[in-house]
file coords.pdb (PDB, C-alpha atoms)
ATOM      1  CA  MET E  35      81.181  51.772  68.350
ATOM      2  CA  SER E  36      78.230  52.945  66.273
ATOM      3  CA  ILE E  37      74.715  52.528  67.590
ATOM      4  CA  ALA E  38      73.621  50.279  64.697
ATOM      5  CA  HIS E  39      76.560  47.946  65.325
ATOM      6  CA  MET E  40      75.800  47.864  69.024
ATOM      7  CA  MET E  41      72.154  47.006  68.347
ATOM      8  CA  ALA E  42      73.085  44.299  65.836
ATOM      9  CA  SER E  43      75.511  42.794  68.316
ATOM     10  CA  GLY E  44      72.814  42.823  70.972
ATOM     11  CA  LEU E  45      70.562  40.789  68.687
ATOM     12  CA  GLY E  46      73.279  38.202  68.239
ATOM     13  CA  GLY E  47      74.453  39.176  64.741
ATOM     14  CA  ILE E  48      74.210  36.171  62.426
ATOM     15  CA  ARG E  49      73.402  33.865  65.363
ATOM     16  CA  THR E  50      69.913  35.341  65.428
ATOM     17  CA  SER E  51      68.677  38.317  63.400
ATOM     18  CA  GLY E  52      70.973  41.201  64.282
ATOM     19  CA  ASP E  53      72.545  41.368  60.840
ATOM     20  CA  LEU E  54      69.126  41.498  59.166
ATOM     21  CA  VAL E  55      67.848  44.237  61.462
ATOM     22  CA  ALA E  56      71.037  46.254  60.955
ATOM     23  CA  ARG E  57      70.677  45.924  57.165
ATOM     24  CA  MET E  58      67.187  47.426  57.380
ATOM     25  CA  GLN E  59      68.472  50.239  59.571
ATOM     26  CA  PHE E  60      71.110  51.106  57.002
ATOM     27  CA  ALA E  61      69.165  50.387  53.800
ATOM     28  CA  ARG E  62      65.868  52.023  54.723
ATOM     29  CA  LYS E  63      66.959  54.310  57.578
ATOM     30  CA  MET E  64      64.566  52.529  59.941
ATOM     31  CA  LYS E  65      64.648  52.923  63.694
ATOM     32  CA  THR E  66      65.354  49.718  65.611
ATOM     33  CA  PRO E  67      61.735  48.864  66.575
ATOM     34  CA  ALA E  68      60.514  49.404  62.991
ATOM     35  CA  ALA E  69      63.396  47.348  61.588
ATOM     36  CA  LYS E  70      62.627  44.501  63.995
ATOM     37  CA  GLU E  71      58.939  44.555  63.014
ATOM     38  CA  TYR E  72      59.808  44.525  59.301
ATOM     39  CA  VAL E  73      62.265  41.638  59.616
ATOM     40  CA  ALA E  74      59.886  39.636  61.824
ATOM     41  CA  LYS E  75      57.085  40.108  59.294
ATOM     42  CA  LYS E  76      59.316  39.035  56.382
ATOM     43  CA  LEU E  77      60.498  35.960  58.288
ATOM     44  CA  GLY E  78      57.007  35.085  59.523
ATOM     45  CA  VAL E  79      57.954  35.072  63.197
ATOM     46  CA  SER E  80      57.267  37.262  66.220
ATOM     47  CA  VAL E  81      59.617  40.042  67.264
ATOM     48  CA  LEU E  82      60.527  37.978  70.350
ATOM     49  CA  ASP E  83      61.598  35.066  68.127
ATOM     50  CA  LEU E  84      64.192  37.316  66.474
ATOM     51  CA  THR E  85      66.407  36.916  69.540
ATOM     52  CA  ASP E  86      65.876  33.164  69.982
ATOM     53  CA  VAL E  87      69.005  31.346  68.839
ATOM     54  CA  TYR E  88      67.212  28.035  68.278
ATOM     55  CA  VAL E  89      64.316  29.437  66.264
ATOM     56  CA  MET E  90      66.580  31.610  64.138
ATOM     57  CA  ARG E  91      69.127  28.848  63.506
ATOM     58  CA  ASP E  92      66.466  26.615  61.966
ATOM     59  CA  LEU E  93      64.893  29.493  60.074
ATOM     60  CA  ARG E  94      68.194  30.835  58.698
ATOM     61  CA  GLU E  95      69.115  27.329  57.588
ATOM     62  CA  ALA E  96      65.736  26.766  55.893
ATOM     63  CA  LEU E  97      65.806  30.146  54.111
ATOM     64  CA  GLY E  98      69.461  29.887  53.096
ATOM     65  CA  ILE E  99      70.434  33.223  54.632
ATOM     66  CA  GLY E 100      73.591  32.066  56.390
ATOM     67  CA  VAL E 101      74.443  30.437  59.700
ATOM     68  CA  THR E 102      77.491  30.775  61.931
ATOM     69  CA  VAL E 103      78.882  27.333  61.128
ATOM     70  CA  GLY E 104      78.948  26.458  57.443
ATOM     71  CA  LEU E 105      76.916  23.433  56.484
ATOM     72  CA  PRO E 106      77.682  21.290  53.444
ATOM     73  CA  GLY E 107      75.539  22.455  50.542
ATOM     74  CA  ALA E 108      74.119  25.451  52.434
ATOM     75  CA  PRO E 109      74.478  28.936  50.923
ATOM     76  CA  ARG E 110      77.405  30.956  52.271
ATOM     77  CA  GLY E 111      78.940  34.291  51.503
ATOM     78  CA  ILE E 112      77.567  36.037  48.439
ATOM     79  CA  ALA E 113      74.919  33.353  47.858
ATOM     80  CA  ALA E 114      73.502  33.900  51.348
ATOM     81  CA  LYS E 115      73.584  37.669  50.832
ATOM     82  CA  MET E 116      71.646  37.318  47.590
ATOM     83  CA  ASN E 117      69.009  35.323  49.471
ATOM     84  CA  ILE E 118      68.868  38.069  52.113
ATOM     85  CA  GLU E 119      68.409  40.625  49.322
ATOM     86  CA  LYS E 120      65.374  38.774  47.980
ATOM     87  CA  LEU E 121      63.906  38.116  51.404
ATOM     88  CA  LEU E 122      64.121  41.706  52.654
ATOM     89  CA  ASP E 123      63.467  43.425  49.304
ATOM     90  CA  ILE E 124      66.654  45.489  49.470
ATOM     91  CA  GLU E 125      69.764  45.941  47.351
ATOM     92  CA  ILE E 126      73.088  44.898  48.794
ATOM     93  CA  ASN E 127      76.025  46.670  47.193
ATOM     94  CA  CYS E 128      78.371  43.674  47.002
ATOM     95  CA  CYS E 129      75.635  41.622  45.309
ATOM     96  CA  GLU E 130      75.203  44.309  42.661
ATOM     97  CA  ILE E 131      78.962  44.434  42.090
ATOM     98  CA  PHE E 132      79.095  40.642  41.840
ATOM     99  CA  ARG E 133      76.307  40.630  39.256
ATOM    100  CA  LYS E 134      78.127  43.269  37.189
ATOM    101  CA  MET E 135      81.394  41.355  37.380
ATOM    102  CA  THR E 136      79.856  38.042  36.356
ATOM    103  CA  SER E 137      77.703  39.472  33.545
ATOM    104  CA  LYS E 138      80.775  40.816  31.717
ATOM    105  CA  ARG E 139      82.192  37.387  31.078
TER     106      ARG E 139
END
call {"tool": "encode", "arguments": {"input": "coords.pdb", "output": "structure tokens"}}
result
Amino acid sequence: MSIAHMMASGLGGIRTSGDLVARMQFARKMKTPAAKEYVAKKLGVSVLDLTDVYVMRDLREALGIGVTVGLPGAPRGIAAKMNIEKLLDIEINCCEIFRKMTSKR
């Protein structure tokens, strides 16, 4: 198992902020503490709140960046990833591909 995956799993993945921290590790080659600080700053929470399931559930729902159980009308899949892209100021490859595919029609 890769270190980034292990760290993301330790932060709870999509239950908390593990997926967001892992994205920053991959996209900007950040070390874990720097990635946590960046994500916390973008979300407007403390680094400790990144691992709190209750805080992150409400925040992820409010920001439309995906939750573990789909909610009616809430962004899922590519829509949630596009919101993550905007929030973290990064490019996500599948979002770019989706934009190219939909602009050709």
call {"tool": "resolve_selection", "arguments": {"input": "coords.pdb", "expression": "the PyMOL selection byres ((chain E and resi 52-55) around 12)", "output": "ChimeraX atom specification"}}
result
/E:38-51,56-77,81,83-87,90,94,99-102,114-115,117-119,121-124,126
call {"tool": "axis_aligned_box", "arguments": {"input": "coords.pdb", "around": "region 63-71 of chain E", "padding_each_side": "4 Å", "output": "JSON"}}
result
{"center_x": 62.9, "center_y": 49.4, "center_z": 62.1, "size_x": 16.0, "size_y": 17.8, "size_z": 17.0}
call {"tool": "atom_distance", "arguments": {"input": "coords.pdb", "atom1": "CA of Gly111 (chain E)", "atom2": "CA of Gly98 (chain E)"}}
result
10.6 Å
call {"tool": "atom_distance", "arguments": {"input": "coords.pdb", "atom1": "CA of Glu125 (chain E)", "atom2": "CA of Tyr88 (chain E)"}}
result
27.7 Å
call {"tool": "resolve_selection", "arguments": {"input": "coords.pdb", "expression": "the PyMOL selection byres ((chain E and resi 129) around 10)", "output": "number ranges by chain"}}
result
E: 112-113, 115-116, 119, 125-128, 130-135
call {"tool": "decode", "arguments": {"input": "coords.pdb", "residues": "region 35-110 of chain E", "atoms": "C-alpha atoms", "output": "CSV table (one decimal), in the first residue's frame"}}
result
chain,number,residue,atom,x,y,z
E,35,MET,CA,0.0,0.0,0.0
E,36,SER,CA,1.4,3.4,-0.9
E,37,ILE,CA,2.1,5.9,1.8
E,38,ALA,CA,-0.3,8.5,0.4
E,39,HIS,CA,-3.1,5.9,0.4
E,40,MET,CA,-2.3,4.9,3.9
E,41,MET,CA,-2.4,8.5,5.1
E,42,ALA,CA,-5.7,9.2,3.3
E,43,SER,CA,-7.2,6.1,4.8
E,44,GLY,CA,-6.0,7.2,8.2
E,45,LEU,CA,-7.9,10.5,7.8
E,46,GLY,CA,-11.1,8.7,7.0
E,47,GLY,CA,-11.1,9.2,3.2
E,48,ILE,CA,-14.3,10.8,2.1
E,49,ARG,CA,-15.8,10.5,5.6
E,50,THR,CA,-13.5,13.3,6.7
E,51,SER,CA,-10.8,15.0,4.7
E,52,GLY,CA,-8.4,12.2,3.7
E,53,ASP,CA,-9.3,12.4,0.0
E,54,LEU,CA,-8.7,16.1,-0.1
E,55,VAL,CA,-5.3,15.8,1.7
E,56,ALA,CA,-4.3,13.0,-0.6
E,57,ARG,CA,-5.2,15.1,-3.7
E,58,MET,CA,-2.9,17.9,-2.4
E,59,GLN,CA,-0.1,15.4,-1.9
E,60,PHE,CA,-0.4,14.2,-5.4
E,61,ALA,CA,-1.2,17.5,-7.2
E,62,ARG,CA,1.3,19.7,-5.5
E,63,LYS,CA,3.7,17.1,-4.1
E,64,MET,CA,3.1,18.4,-0.5
E,65,LYS,CA,4.1,16.5,2.6
E,66,THR,CA,1.3,15.4,4.8
E,67,PRO,CA,1.5,18.2,7.4
E,68,ALA,CA,1.6,20.9,4.7
E,69,ALA,CA,-1.3,19.3,2.8
E,70,LYS,CA,-3.4,19.2,6.0
E,71,GLU,CA,-2.6,22.9,6.7
E,72,TYR,CA,-3.6,23.9,3.1
E,73,VAL,CA,-6.8,21.9,3.2
E,74,ALA,CA,-7.7,23.2,6.6
E,75,LYS,CA,-7.1,26.8,5.5
E,76,LYS,CA,-9.2,26.3,2.3
E,77,LEU,CA,-12.1,24.8,4.3
E,78,GLY,CA,-11.8,27.4,7.1
E,79,VAL,CA,-11.4,24.9,9.9
E,80,SER,CA,-8.6,23.8,12.2
E,81,VAL,CA,-6.3,20.9,11.3
E,82,LEU,CA,-7.9,18.9,14.2
E,83,ASP,CA,-11.3,19.4,12.6
E,84,LEU,CA,-10.1,17.6,9.5
E,85,THR,CA,-10.4,14.3,11.3
E,86,ASP,CA,-13.8,15.0,13.0
E,87,VAL,CA,-16.5,13.0,11.2
E,88,TYR,CA,-19.3,15.3,12.4
E,89,VAL,CA,-17.7,18.6,11.4
E,90,MET,CA,-16.5,17.3,8.0
E,91,ARG,CA,-19.9,15.7,7.2
E,92,ASP,CA,-21.7,19.0,7.6
E,93,LEU,CA,-18.9,20.9,5.8
E,94,ARG,CA,-18.7,18.5,2.9
E,95,GLU,CA,-22.5,18.7,2.5
E,96,ALA,CA,-22.5,22.5,2.6
E,97,LEU,CA,-19.7,22.8,0.1
E,98,GLY,CA,-21.0,20.1,-2.2
E,99,ILE,CA,-17.7,18.1,-2.2
E,100,GLY,CA,-19.2,14.7,-1.7
E,101,VAL,CA,-20.4,12.6,1.2
E,102,THR,CA,-20.3,8.9,1.8
E,103,VAL,CA,-24.1,8.4,1.5
E,104,GLY,CA,-25.7,10.2,-1.5
E,105,LEU,CA,-28.2,12.8,-0.6
E,106,PRO,CA,-31.0,13.8,-3.0
E,107,GLY,CA,-30.0,16.9,-4.9
E,108,ALA,CA,-26.4,16.9,-3.5
E,109,PRO,CA,-23.5,16.8,-6.0
E,110,ARG,CA,-22.0,13.4,-6.6
